[in-house]
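Source file: final_4.tsv (TSV, N, CA and C atoms)
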chain	number	residue	atom	x	y	z
N	1	MET	N	-28.33	-5.20	-0.25
N	1	MET	CA	-27.91	-4.23	0.75
N	1	MET	C	-27.30	-3.03	0.04
N	2	PRO	N	-27.89	-1.85	0.15
N	2	PRO	CA	-27.35	-0.68	-0.56
N	2	PRO	C	-26.18	0.00	0.14
N	3	ILE	N	-25.95	-0.30	1.41
N	3	ILE	CA	-24.84	0.30	2.15
N	3	ILE	C	-24.17	-0.80	2.97
N	4	GLU	N	-22.84	-0.80	2.94
N	4	GLU	CA	-22.09	-1.73	3.78
N	4	GLU	C	-20.93	-0.95	4.38
N	5	VAL	N	-20.78	-1.03	5.68
N	5	VAL	CA	-19.72	-0.33	6.40
N	5	VAL	C	-18.96	-1.36	7.22
N	6	LYS	N	-17.64	-1.32	7.16
N	6	LYS	CA	-16.80	-2.22	7.95
N	6	LYS	C	-15.66	-1.43	8.57
N	7	SER	N	-15.28	-1.86	9.75
N	7	SER	CA	-14.15	-1.27	10.46
N	7	SER	C	-12.89	-2.07	10.18
N	8	PHE	N	-11.80	-1.38	9.81
N	8	PHE	CA	-10.52	-2.07	9.65
N	8	PHE	C	-10.07	-2.66	10.99
N	9	THR	N	-10.42	-2.00	12.08
N	9	THR	CA	-9.97	-2.42	13.41
N	9	THR	C	-10.63	-3.72	13.86
N	10	SER	N	-11.93	-3.83	13.65
N	10	SER	CA	-12.64	-4.99	14.21
N	10	SER	C	-13.27	-5.92	13.17
N	11	GLN	N	-13.31	-5.52	11.90
N	11	GLN	CA	-14.00	-6.33	10.91
N	11	GLN	C	-13.18	-6.59	9.65
N	12	ALA	N	-11.87	-6.51	9.73
N	12	ALA	CA	-11.05	-6.76	8.54
N	12	ALA	C	-11.32	-8.16	8.02
N	13	ASP	N	-11.49	-8.28	6.71
N	13	ASP	CA	-11.68	-9.58	6.09
N	13	ASP	C	-10.36	-10.34	5.99
N	14	GLU	N	-9.26	-9.59	5.94
N	14	GLU	CA	-7.95	-10.22	5.86
N	14	GLU	C	-6.93	-9.27	6.47
N	15	THR	N	-5.98	-9.83	7.20
N	15	THR	CA	-4.87	-9.07	7.77
N	15	THR	C	-3.59	-9.83	7.45
N	16	LYS	N	-2.60	-9.12	6.90
N	16	LYS	CA	-1.31	-9.73	6.59
N	16	LYS	C	-0.21	-8.94	7.28
N	17	GLU	N	0.67	-9.65	7.93
N	17	GLU	CA	1.89	-9.05	8.47
N	17	GLU	C	2.99	-9.40	7.48
N	18	MET	N	3.68	-8.39	6.99
N	18	MET	CA	4.77	-8.57	6.06
N	18	MET	C	5.97	-7.83	6.64
N	19	PRO	N	7.16	-8.05	6.11
N	19	PRO	CA	8.31	-7.32	6.64
N	19	PRO	C	8.08	-5.80	6.59
N	20	ASN	N	8.09	-5.16	7.74
N	20	ASN	CA	7.93	-3.71	7.87
N	20	ASN	C	6.60	-3.19	7.36
N	21	ALA	N	5.58	-4.06	7.25
N	21	ALA	CA	4.29	-3.63	6.73
N	21	ALA	C	3.16	-4.47	7.32
N	22	ARG	N	2.03	-3.82	7.48
N	22	ARG	CA	0.80	-4.51	7.87
N	22	ARG	C	-0.26	-4.11	6.84
N	23	VAL	N	-0.97	-5.11	6.30
N	23	VAL	CA	-2.00	-4.87	5.30
N	23	VAL	C	-3.32	-5.41	5.85
N	24	GLU	N	-4.31	-4.54	5.95
N	24	GLU	CA	-5.65	-4.93	6.37
N	24	GLU	C	-6.60	-4.67	5.22
N	25	SER	N	-7.46	-5.64	4.92
N	25	SER	CA	-8.39	-5.50	3.80
N	25	SER	C	-9.82	-5.70	4.28
N	26	VAL	N	-10.71	-4.90	3.71
N	26	VAL	CA	-12.14	-5.11	3.89
N	26	VAL	C	-12.78	-5.17	2.51
N	27	ASN	N	-13.85	-5.93	2.43
N	27	ASN	CA	-14.65	-5.98	1.20
N	27	ASN	C	-15.99	-5.35	1.52
N	28	VAL	N	-16.33	-4.30	0.79
N	28	VAL	CA	-17.60	-3.61	0.99
N	28	VAL	C	-18.32	-3.52	-0.35
N	29	LEU	N	-19.53	-4.08	-0.37
N	29	LEU	CA	-20.33	-4.15	-1.60
N	29	LEU	C	-19.51	-4.63	-2.79
N	30	GLY	N	-18.70	-5.64	-2.55
N	30	GLY	CA	-17.91	-6.25	-3.62
N	30	GLY	C	-16.64	-5.51	-3.99
N	31	GLN	N	-16.32	-4.44	-3.27
N	31	GLN	CA	-15.10	-3.67	-3.55
N	31	GLN	C	-14.09	-3.92	-2.44
N	32	ARG	N	-12.83	-4.10	-2.84
N	32	ARG	CA	-11.76	-4.31	-1.87
N	32	ARG	C	-11.11	-2.97	-1.54
N	33	VAL	N	-10.98	-2.69	-0.25
N	33	VAL	CA	-10.28	-1.50	0.22
N	33	VAL	C	-9.21	-1.98	1.20
N	34	MET	N	-8.00	-1.45	1.04
N	34	MET	CA	-6.89	-1.89	1.87
N	34	MET	C	-6.31	-0.73	2.67
N	35	LYS	N	-5.92	-1.02	3.89
N	35	LYS	CA	-5.18	-0.07	4.72
N	35	LYS	C	-3.79	-0.64	4.88
N	36	LEU	N	-2.79	0.12	4.48
N	36	LEU	CA	-1.40	-0.30	4.59
N	36	LEU	C	-0.71	0.59	5.61
N	37	THR	N	-0.10	-0.03	6.60
N	37	THR	CA	0.70	0.69	7.58
N	37	THR	C	2.15	0.26	7.37
N	38	LEU	N	2.98	1.20	6.96
N	38	LEU	CA	4.35	0.92	6.56
N	38	LEU	C	5.33	1.52	7.57
N	39	ALA	N	6.25	0.70	8.06
N	39	ALA	CA	7.25	1.16	9.02
N	39	ALA	C	8.18	2.18	8.38
N	40	PRO	N	8.80	3.05	9.19
N	40	PRO	CA	9.69	4.07	8.63
N	40	PRO	C	10.78	3.51	7.72
N	41	GLU	N	11.23	2.30	7.99
N	41	GLU	CA	12.31	1.70	7.19
N	41	GLU	C	11.80	0.87	6.01
N	42	TRP	N	10.48	0.85	5.76
N	42	TRP	CA	9.92	0.02	4.69
N	42	TRP	C	10.43	0.46	3.31
N	43	LYS	N	10.80	-0.54	2.51
N	43	LYS	CA	11.17	-0.33	1.11
N	43	LYS	C	10.73	-1.55	0.34
N	44	TRP	N	9.98	-1.35	-0.74
N	44	TRP	CA	9.43	-2.47	-1.50
N	44	TRP	C	10.53	-3.42	-1.96
N	45	SER	N	11.59	-2.91	-2.54
N	45	SER	CA	12.63	-3.78	-3.12
N	45	SER	C	13.37	-4.60	-2.06
N	46	ARG	N	13.40	-4.15	-0.84
N	46	ARG	CA	14.07	-4.89	0.23
N	46	ARG	C	13.09	-5.81	0.96
N	47	ASP	N	11.86	-5.33	1.21
N	47	ASP	CA	10.94	-6.06	2.06
N	47	ASP	C	9.95	-6.96	1.31
N	48	ILE	N	9.51	-6.55	0.15
N	48	ILE	CA	8.47	-7.29	-0.56
N	48	ILE	C	9.01	-8.07	-1.76
N	49	LYS	N	9.99	-7.52	-2.44
N	49	LYS	CA	10.58	-8.19	-3.61
N	49	LYS	C	10.95	-9.64	-3.34
N	50	PRO	N	11.61	-9.96	-2.21
N	50	PRO	CA	11.95	-11.37	-1.96
N	50	PRO	C	10.73	-12.28	-1.82
N	51	ILE	N	9.60	-11.73	-1.43
N	51	ILE	CA	8.37	-12.51	-1.27
N	51	ILE	C	7.71	-12.77	-2.62
N	52	VAL	N	7.60	-11.73	-3.46
N	52	VAL	CA	6.89	-11.88	-4.73
N	52	VAL	C	7.78	-12.32	-5.87
N	53	GLY	N	9.09	-12.07	-5.76
N	53	GLY	CA	10.03	-12.59	-6.74
N	53	GLY	C	10.07	-11.87	-8.08
N	54	THR	N	9.57	-10.65	-8.15
N	54	THR	CA	9.66	-9.87	-9.39
N	54	THR	C	10.72	-8.79	-9.22
N	55	SER	N	11.23	-8.28	-10.34
N	55	SER	CA	12.30	-7.28	-10.25
N	55	SER	C	11.80	-5.93	-9.75
N	56	SER	N	10.52	-5.64	-9.97
N	56	SER	CA	9.89	-4.43	-9.44
N	56	SER	C	8.43	-4.76	-9.16
N	57	CYS	N	7.73	-3.86	-8.49
N	57	CYS	CA	6.32	-4.11	-8.15
N	57	CYS	C	5.49	-4.13	-9.43
N	58	GLN	N	4.71	-5.17	-9.61
N	58	GLN	CA	3.91	-5.34	-10.81
N	58	GLN	C	2.45	-4.95	-10.61
N	59	ALA	N	2.12	-4.39	-9.46
N	59	ALA	CA	0.74	-4.02	-9.16
N	59	ALA	C	0.46	-2.59	-9.58
N	60	THR	N	-0.80	-2.32	-9.87
N	60	THR	CA	-1.31	-0.97	-10.06
N	60	THR	C	-1.90	-0.53	-8.72
N	61	HIS	N	-1.62	0.71	-8.33
N	61	HIS	CA	-2.11	1.22	-7.05
N	61	HIS	C	-2.89	2.52	-7.26
N	62	THR	N	-4.02	2.64	-6.59
N	62	THR	CA	-4.78	3.88	-6.55
N	62	THR	C	-5.16	4.09	-5.10
N	63	GLY	N	-4.79	5.24	-4.54
N	63	GLY	CA	-5.07	5.42	-3.13
N	63	GLY	C	-4.91	6.83	-2.63
N	64	ILE	N	-4.95	6.93	-1.32
N	64	ILE	CA	-4.79	8.19	-0.61
N	64	ILE	C	-3.82	7.94	0.54
N	65	ILE	N	-2.84	8.81	0.69
N	65	ILE	CA	-1.91	8.69	1.82
N	65	ILE	C	-2.42	9.62	2.93
N	66	VAL	N	-2.56	9.07	4.13
N	66	VAL	CA	-3.12	9.84	5.24
N	66	VAL	C	-2.09	10.15	6.31
N	67	GLU	N	-0.91	9.52	6.20
N	67	GLU	CA	0.15	9.79	7.18
N	67	GLU	C	1.49	9.47	6.53
N	68	GLY	N	2.48	10.31	6.78
N	68	GLY	CA	3.83	10.04	6.31
N	68	GLY	C	4.08	10.48	4.88
N	69	THR	N	5.21	10.00	4.33
N	69	THR	CA	5.64	10.35	2.97
N	69	THR	C	6.25	9.12	2.32
N	70	ILE	N	5.92	8.91	1.04
N	70	ILE	CA	6.47	7.80	0.26
N	70	ILE	C	7.07	8.36	-1.02
N	71	HIS	N	8.19	7.80	-1.42
N	71	HIS	CA	8.81	8.15	-2.70
N	71	HIS	C	8.72	6.92	-3.59
N	72	CYS	N	8.33	7.13	-4.85
N	72	CYS	CA	8.16	6.04	-5.81
N	72	CYS	C	8.98	6.35	-7.06
N	73	VAL	N	9.71	5.33	-7.54
N	73	VAL	CA	10.49	5.46	-8.77
N	73	VAL	C	10.07	4.33	-9.70
N	74	CYS	N	9.66	4.69	-10.91
N	74	CYS	CA	9.25	3.71	-11.91
N	74	CYS	C	10.46	3.24	-12.72
N	75	ASP	N	10.34	2.05	-13.30
N	75	ASP	CA	11.44	1.50	-14.09
N	75	ASP	C	11.82	2.40	-15.25
N	76	ASP	N	10.87	3.23	-15.74
N	76	ASP	CA	11.18	4.14	-16.85
N	76	ASP	C	11.86	5.42	-16.39
N	77	GLY	N	12.12	5.54	-15.08
N	77	GLY	CA	12.80	6.72	-14.55
N	77	GLY	C	11.89	7.78	-13.98
N	78	SER	N	10.59	7.72	-14.24
N	78	SER	CA	9.69	8.70	-13.66
N	78	SER	C	9.57	8.44	-12.16
N	79	GLU	N	9.36	9.52	-11.40
N	79	GLU	CA	9.29	9.38	-9.95
N	79	GLU	C	8.41	10.45	-9.36
N	80	ALA	N	7.95	10.18	-8.14
N	80	ALA	CA	7.10	11.14	-7.42
N	80	ALA	C	7.22	10.86	-5.94
N	81	THR	N	7.02	11.92	-5.17
N	81	THR	CA	6.92	11.82	-3.72
N	81	THR	C	5.53	12.26	-3.34
N	82	TYR	N	4.86	11.48	-2.49
N	82	TYR	CA	3.51	11.85	-2.08
N	82	TYR	C	3.41	11.76	-0.56
N	83	SER	N	2.63	12.69	0.00
N	83	SER	CA	2.53	12.86	1.45
N	83	SER	C	1.08	12.99	1.86
N	84	GLU	N	0.90	13.08	3.17
N	84	GLU	CA	-0.43	13.18	3.77
N	84	GLU	C	-1.36	14.09	2.98
N	85	GLY	N	-2.53	13.56	2.63
N	85	GLY	CA	-3.54	14.32	1.90
N	85	GLY	C	-3.47	14.17	0.40
N	86	ASP	N	-2.45	13.49	-0.12
N	86	ASP	CA	-2.31	13.30	-1.57
N	86	ASP	C	-3.02	12.03	-2.03
N	87	ALA	N	-3.68	12.13	-3.18
N	87	ALA	CA	-4.21	10.96	-3.88
N	87	ALA	C	-3.16	10.56	-4.91
N	88	TYR	N	-3.07	9.27	-5.21
N	88	TYR	CA	-2.06	8.81	-6.16
N	88	TYR	C	-2.57	7.64	-6.98
N	89	ALA	N	-1.97	7.49	-8.14
N	89	ALA	CA	-2.17	6.32	-8.99
N	89	ALA	C	-0.80	5.95	-9.54
N	90	ILE	N	-0.45	4.69	-9.43
N	90	ILE	CA	0.88	4.22	-9.83
N	90	ILE	C	0.71	3.03	-10.75
N	91	SER	N	1.38	3.07	-11.89
N	91	SER	CA	1.36	1.95	-12.83
N	91	SER	C	2.32	0.86	-12.37
N	92	PRO	N	2.20	-0.35	-12.89
N	92	PRO	CA	3.15	-1.40	-12.57
N	92	PRO	C	4.58	-1.00	-12.93
N	93	ASN	N	5.54	-1.76	-12.41
N	93	ASN	CA	6.98	-1.59	-12.67
N	93	ASN	C	7.55	-0.40	-11.91
N	94	HIS	N	7.59	-0.53	-10.58
N	94	HIS	CA	8.10	0.55	-9.75
N	94	HIS	C	8.68	-0.01	-8.45
N	95	ASP	N	9.40	0.84	-7.75
N	95	ASP	CA	9.87	0.60	-6.40
N	95	ASP	C	9.35	1.78	-5.57
N	96	ALA	N	9.20	1.60	-4.27
N	96	ALA	CA	8.73	2.69	-3.42
N	96	ALA	C	9.27	2.47	-2.01
N	97	TRP	N	9.37	3.57	-1.25
N	97	TRP	CA	9.86	3.48	0.12
N	97	TRP	C	9.40	4.69	0.93
N	98	CYS	N	9.38	4.49	2.26
N	98	CYS	CA	9.05	5.58	3.18
N	98	CYS	C	10.25	6.52	3.26
N	99	VAL	N	9.97	7.79	3.40
N	99	VAL	CA	11.02	8.79	3.58
N	99	VAL	C	10.70	9.64	4.81
N	100	GLY	N	11.73	10.28	5.33
N	100	GLY	CA	11.53	11.21	6.44
N	100	GLY	C	11.57	10.57	7.82
N	101	GLY	N	11.89	9.27	7.89
N	101	GLY	CA	12.01	8.63	9.19
N	101	GLY	C	10.69	8.42	9.92
N	102	ALA	N	9.58	8.43	9.20
N	102	ALA	CA	8.27	8.24	9.83
N	102	ALA	C	7.50	7.14	9.09
N	103	ARG	N	6.59	6.51	9.80
N	103	ARG	CA	5.76	5.50	9.16
N	103	ARG	C	4.81	6.18	8.17
N	104	ALA	N	4.26	5.38	7.28
N	104	ALA	CA	3.26	5.87	6.34
N	104	ALA	C	2.00	5.01	6.48
N	105	VAL	N	0.86	5.65	6.33
N	105	VAL	CA	-0.42	4.95	6.33
N	105	VAL	C	-1.15	5.37	5.06
N	106	VAL	N	-1.55	4.37	4.27
N	106	VAL	CA	-2.26	4.65	3.03
N	106	VAL	C	-3.51	3.77	2.95
N	107	TYR	N	-4.49	4.25	2.21
N	107	TYR	CA	-5.68	3.47	1.88
N	107	TYR	C	-5.69	3.31	0.37
N	108	GLU	N	-5.82	2.08	-0.10
N	108	GLU	CA	-5.82	1.80	-1.53
N	108	GLU	C	-7.14	1.19	-1.95
N	109	PHE	N	-7.57	1.58	-3.15
N	109	PHE	CA	-8.88	1.21	-3.66
N	109	PHE	C	-8.84	0.35	-4.90
N	110	ALA	N	-7.68	0.13	-5.44
N	110	ALA	CA	-7.58	-0.70	-6.65
N	110	ALA	C	-6.23	-1.38	-6.63
N	111	GLY	N	-6.14	-2.47	-7.34
N	111	GLY	CA	-4.87	-3.18	-7.44
N	111	GLY	C	-4.71	-4.21	-6.35
N	112	VAL	N	-3.63	-4.91	-6.42
N	112	VAL	CA	-3.30	-5.95	-5.47
N	112	VAL	C	-1.94	-5.63	-4.90
N	113	TRP	N	-1.84	-5.55	-3.60
N	113	TRP	CA	-0.59	-5.13	-2.97
N	113	TRP	C	0.02	-6.30	-2.23
N	114	GLY	N	1.31	-6.53	-2.47
N	114	GLY	CA	2.01	-7.56	-1.71
N	114	GLY	C	1.63	-8.97	-2.07
N	115	GLU	N	1.07	-9.18	-3.24
N	115	GLU	CA	0.68	-10.53	-3.65
N	115	GLU	C	1.32	-10.89	-4.96

Could you spell out this file's structure in structure tokens?
Amino acid sequence: MPIEVKSFTSQADETKEMPNARVESVNVLGQRVMKLTLAPEWKWSRDIKPIVGTSSCQATHTGIIVEGTIHCVCDDGSEATYSEGDAYAISPNHDAWCVGGARAVVYEFAGVWGE
């Protein structure tokens, strides 16, 4: 099959409800794509750290933010804020959270989130 199209709404291969976050995943032609909907109060170190048990997020992320704003701080002190329309890539060893009192929606194309 040279083309595969799936809807996050009706054909998600996996859906996870996590504290202040919803993660929907689809697999298309062997590639995993995730939609993350993060509540305005979402913060990795408060909401996800207790689940995964690491001191900071150990995943690599590559994606596009389509709604809201997220601030990310790496263990080495580097940081960035990204908002609607921005593409991003984040190395392991970081914390991140929503800013501005609004939810964030991102689509990620690489890495493993919340696992």

| Ile48 of chain N environment, 7 Å, all atoms listed in the file, sequence neighbours closer than 5 positions dropped, as JSON, numbers by chain | {"N": [19, 43, 53, 54, 114]}

Expected file: the selected residues, N, CA and C atoms, as a PDB file, in the frame of the given file:
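Ended up saving to selection.pdb:
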ATOM      1  N   PRO N  19       7.160  -8.050   6.110  1.00  0.00           N
ATOM      2  CA  PRO N  19       8.310  -7.320   6.640  1.00  0.00           C
ATOM      3  C   PRO N  19       8.080  -5.800   6.590  1.00  0.00           C
ATOM      4  N   LYS N  43      10.800  -0.540   2.510  1.00  0.00           N
ATOM      5  CA  LYS N  43      11.170  -0.330   1.110  1.00  0.00           C
ATOM      6  C   LYS N  43      10.730  -1.550   0.340  1.00  0.00           C
ATOM      7  N   GLY N  53       9.090 -12.070  -5.760  1.00  0.00           N
ATOM      8  CA  GLY N  53      10.030 -12.590  -6.740  1.00  0.00           C
ATOM      9  C   GLY N  53      10.070 -11.870  -8.080  1.00  0.00           C
ATOM     10  N   THR N  54       9.570 -10.650  -8.150  1.00  0.00           N
ATOM     11  CA  THR N  54       9.660  -9.870  -9.390  1.00  0.00           C
ATOM     12  C   THR N  54      10.720  -8.790  -9.220  1.00  0.00           C
ATOM     13  N   GLY N 114       1.310  -6.530  -2.470  1.00  0.00           N
ATOM     14  CA  GLY N 114       2.010  -7.560  -1.710  1.00  0.00           C
ATOM     15  C   GLY N 114       1.630  -8.970  -2.070  1.00  0.00           C
TER      16      GLY N 114
END

All residues 6.5 Å or closer to segment 90-104 of chain N, all atoms listed in the file, same chain fewer than 4 positions away omitted, as a CSV table (one decimal) with N, CA and C atoms, keeping the file's coordinate frame:
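The new file around20.csv reads:
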chain,number,residue,atom,x,y,z
N,36,LEU,N,-2.8,0.1,4.5
N,36,LEU,CA,-1.4,-0.3,4.6
N,36,LEU,C,-0.7,0.6,5.6
N,37,THR,N,-0.1,0.0,6.6
N,37,THR,CA,0.7,0.7,7.6
N,37,THR,C,2.2,0.3,7.4
N,38,LEU,N,3.0,1.2,7.0
N,38,LEU,CA,4.4,0.9,6.6
N,38,LEU,C,5.3,1.5,7.6
N,39,ALA,N,6.2,0.7,8.1
N,39,ALA,CA,7.2,1.2,9.0
N,39,ALA,C,8.2,2.2,8.4
N,40,PRO,N,8.8,3.0,9.2
N,40,PRO,CA,9.7,4.1,8.6
N,40,PRO,C,10.8,3.5,7.7
N,41,GLU,N,11.2,2.3,8.0
N,41,GLU,CA,12.3,1.7,7.2
N,41,GLU,C,11.8,0.9,6.0
N,42,TRP,N,10.5,0.8,5.8
N,42,TRP,CA,9.9,0.0,4.7
N,42,TRP,C,10.4,0.5,3.3
N,43,LYS,N,10.8,-0.5,2.5
N,43,LYS,CA,11.2,-0.3,1.1
N,43,LYS,C,10.7,-1.6,0.3
N,44,TRP,N,10.0,-1.4,-0.7
N,44,TRP,CA,9.4,-2.5,-1.5
N,44,TRP,C,10.5,-3.4,-2.0
N,45,SER,N,11.6,-2.9,-2.5
N,45,SER,CA,12.6,-3.8,-3.1
N,45,SER,C,13.4,-4.6,-2.1
N,56,SER,N,10.5,-5.6,-10.0
N,56,SER,CA,9.9,-4.4,-9.4
N,56,SER,C,8.4,-4.8,-9.2
N,57,CYS,N,7.7,-3.9,-8.5
N,57,CYS,CA,6.3,-4.1,-8.2
N,57,CYS,C,5.5,-4.1,-9.4
N,58,GLN,N,4.7,-5.2,-9.6
N,58,GLN,CA,3.9,-5.3,-10.8
N,58,GLN,C,2.4,-5.0,-10.6
N,59,ALA,N,2.1,-4.4,-9.5
N,59,ALA,CA,0.7,-4.0,-9.2
N,59,ALA,C,0.5,-2.6,-9.6
N,60,THR,N,-0.8,-2.3,-9.9
N,60,THR,CA,-1.3,-1.0,-10.1
N,60,THR,C,-1.9,-0.5,-8.7
N,61,HIS,N,-1.6,0.7,-8.3
N,61,HIS,CA,-2.1,1.2,-7.0
N,61,HIS,C,-2.9,2.5,-7.3
N,62,THR,N,-4.0,2.6,-6.6
N,62,THR,CA,-4.8,3.9,-6.6
N,62,THR,C,-5.2,4.1,-5.1
N,67,GLU,N,-0.9,9.5,6.2
N,67,GLU,CA,0.2,9.8,7.2
N,67,GLU,C,1.5,9.5,6.5
N,68,GLY,N,2.5,10.3,6.8
N,68,GLY,CA,3.8,10.0,6.3
N,68,GLY,C,4.1,10.5,4.9
N,69,THR,N,5.2,10.0,4.3
N,69,THR,CA,5.6,10.4,3.0
N,69,THR,C,6.2,9.1,2.3
N,70,ILE,N,5.9,8.9,1.0
N,70,ILE,CA,6.5,7.8,0.3
N,70,ILE,C,7.1,8.4,-1.0
N,71,HIS,N,8.2,7.8,-1.4
N,71,HIS,CA,8.8,8.2,-2.7
N,71,HIS,C,8.7,6.9,-3.6
N,72,CYS,N,8.3,7.1,-4.8
N,72,CYS,CA,8.2,6.0,-5.8
N,72,CYS,C,9.0,6.4,-7.1
N,73,VAL,N,9.7,5.3,-7.5
N,73,VAL,CA,10.5,5.5,-8.8
N,73,VAL,C,10.1,4.3,-9.7
N,74,CYS,N,9.7,4.7,-10.9
N,74,CYS,CA,9.2,3.7,-11.9
N,74,CYS,C,10.5,3.2,-12.7
N,75,ASP,N,10.3,2.0,-13.3
N,75,ASP,CA,11.4,1.5,-14.1
N,75,ASP,C,11.8,2.4,-15.2
N,76,ASP,N,10.9,3.2,-15.7
N,76,ASP,CA,11.2,4.1,-16.8
N,76,ASP,C,11.9,5.4,-16.4

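Separating atom CA of Val106 of chain N from atom N of Arg46 of chain N is a distance of 18.4 Å.
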
| task | Enumerate as a PyMOL selection string all residues of chain N assigned to strand (DSSP E) by DSSP on the backbone, naming them with the chain letters and numbers the document uses. | result | chain N and resi 14-18+21-28+31-38+61-67+69-74+79-83+87-90+94-98+104-110

Using only N, CA and C atoms, tabulate the residues of segment 24-113 of chain N lying at most 6 Å from any atom of segment 1-17 of chain N, each with its closest atom pair and that distance in Å to one decimal, by chain and increasing residue number, as JSON lines.
{"residue": "N:Glu24", "atom": "CA", "partner": "N:Thr15", "partner_atom": "CA", "distance": 4.4}
{"residue": "N:Ser25", "atom": "C", "partner": "N:Asp13", "partner_atom": "N", "distance": 3.9}
{"residue": "N:Val26", "atom": "CA", "partner": "N:Asp13", "partner_atom": "N", "distance": 4.3}
{"residue": "N:Asn27", "atom": "N", "partner": "N:Asp13", "partner_atom": "N", "distance": 5.4}
{"residue": "N:Val28", "atom": "CA", "partner": "N:Glu4", "partner_atom": "C", "distance": 5.4}
{"residue": "N:Leu29", "atom": "N", "partner": "N:Glu4", "partner_atom": "CA", "distance": 5.4}

| said: I need the residue nearest Asn20 of chain N from this list: N:Asp47, N:Ser83, N:Ser78, N:Val33. Use all atoms listed in the file for the distance. | reply: N:Asp47

| request: Using atom N of Ile51 of chain N and atom C of Arg22 of chain N as the two end points, give the distance in Å to one decimal. | output: 15.0 Å

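The residues of chain N that DSSP assigns to helix (DSSP H, G or I) on this backbone come out as Phe8, Thr9, Ser10, Gln11, Trp44, Ser45, Arg46, Asp47, Lys49, Pro50, Ile51 and Val52 of chain N.
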
| request: May I have the residues within 5 Å of Gly85 of chain N as a list in words, using all atoms listed in the file and disregarding those fewer than 2 positions away in the same chain? | output: Ile65, Val66, Ser83 and Ala87 of chain N

| message | Using all atoms listed in the file, which protein or nucleic acid residues come within 6 Å of Gly63 of chain N? Drop anything in the same chain fewer than 3 positions from it, and give the result as a ChimeraX atom specification. | response | /N:86-89,107-110

| task | Go through N:Val105, N:Met34, N:Met18, N:Val52 one by one, measure the shortest atom-to-atom distance of each to Tyr82 of chain N using only C-alpha atoms, and give the residue with the smallest value. | result | N:Val105

Using the file's own x, y and z axes, so that the box edges lie along x, y and z, what centre and edge lengths in Å (one decimal) does a box around every listed atom of segment 97-101 of chain N get when 5 Å is added on each side? Give it as JSON.
{"center_x": 10.5, "center_y": 7.3, "center_z": 4.3, "size_x": 13.0, "size_y": 17.7, "size_z": 21.2}

For segment 29-33 of chain N, supply all heavy atoms and format the output as a PDB file, in the coordinates of the input.
ATOM      1  N   LEU N  29     -19.530  -4.080  -0.370  1.00  0.00           N
ATOM      2  CA  LEU N  29     -20.330  -4.150  -1.600  1.00  0.00           C
ATOM      3  C   LEU N  29     -19.510  -4.630  -2.790  1.00  0.00           C
ATOM      4  O   LEU N  29     -19.571  -4.073  -3.886  1.00  0.00           O
ATOM      5  CB  LEU N  29     -21.003  -2.807  -1.905  1.00  0.00           C
ATOM      6  CG  LEU N  29     -22.112  -2.385  -0.944  1.00  0.00           C
ATOM      7  CD1 LEU N  29     -22.714  -1.057  -1.381  1.00  0.00           C
ATOM      8  CD2 LEU N  29     -23.198  -3.445  -0.837  1.00  0.00           C
ATOM      9  N   GLY N  30     -18.700  -5.640  -2.550  1.00  0.00           N
ATOM     10  CA  GLY N  30     -17.910  -6.250  -3.620  1.00  0.00           C
ATOM     11  C   GLY N  30     -16.640  -5.510  -3.990  1.00  0.00           C
ATOM     12  O   GLY N  30     -15.949  -5.912  -4.916  1.00  0.00           O
ATOM     13  N   GLN N  31     -16.320  -4.440  -3.270  1.00  0.00           N
ATOM     14  CA  GLN N  31     -15.100  -3.670  -3.550  1.00  0.00           C
ATOM     15  C   GLN N  31     -14.090  -3.920  -2.440  1.00  0.00           C
ATOM     16  O   GLN N  31     -14.428  -3.901  -1.262  1.00  0.00           O
ATOM     17  CB  GLN N  31     -15.408  -2.172  -3.629  1.00  0.00           C
ATOM     18  CG  GLN N  31     -16.403  -1.799  -4.692  1.00  0.00           C
ATOM     19  CD  GLN N  31     -15.871  -2.076  -6.081  1.00  0.00           C
ATOM     20  OE1 GLN N  31     -14.743  -1.729  -6.412  1.00  0.00           O
ATOM     21  NE2 GLN N  31     -16.683  -2.729  -6.907  1.00  0.00           N
ATOM     22  N   ARG N  32     -12.830  -4.100  -2.840  1.00  0.00           N
ATOM     23  CA  ARG N  32     -11.760  -4.310  -1.870  1.00  0.00           C
ATOM     24  C   ARG N  32     -11.110  -2.970  -1.540  1.00  0.00           C
ATOM     25  O   ARG N  32     -10.723  -2.219  -2.437  1.00  0.00           O
ATOM     26  CB  ARG N  32     -10.722  -5.257  -2.454  1.00  0.00           C
ATOM     27  CG  ARG N  32      -9.607  -5.610  -1.509  1.00  0.00           C
ATOM     28  CD  ARG N  32      -8.685  -6.605  -2.172  1.00  0.00           C
ATOM     29  NE  ARG N  32      -7.648  -7.041  -1.255  1.00  0.00           N
ATOM     30  CZ  ARG N  32      -6.555  -7.628  -1.642  1.00  0.00           C
ATOM     31  NH1 ARG N  32      -6.339  -7.875  -2.918  1.00  0.00           N
ATOM     32  NH2 ARG N  32      -5.662  -7.995  -0.771  1.00  0.00           N
ATOM     33  N   VAL N  33     -10.980  -2.690  -0.250  1.00  0.00           N
ATOM     34  CA  VAL N  33     -10.280  -1.500   0.220  1.00  0.00           C
ATOM     35  C   VAL N  33      -9.210  -1.980   1.200  1.00  0.00           C
ATOM     36  O   VAL N  33      -9.479  -2.820   2.054  1.00  0.00           O
ATOM     37  CB  VAL N  33     -11.238  -0.510   0.927  1.00  0.00           C
ATOM     38  CG1 VAL N  33     -10.481   0.735   1.375  1.00  0.00           C
ATOM     39  CG2 VAL N  33     -12.400  -0.140   0.024  1.00  0.00           C
TER      40      VAL N  33
END
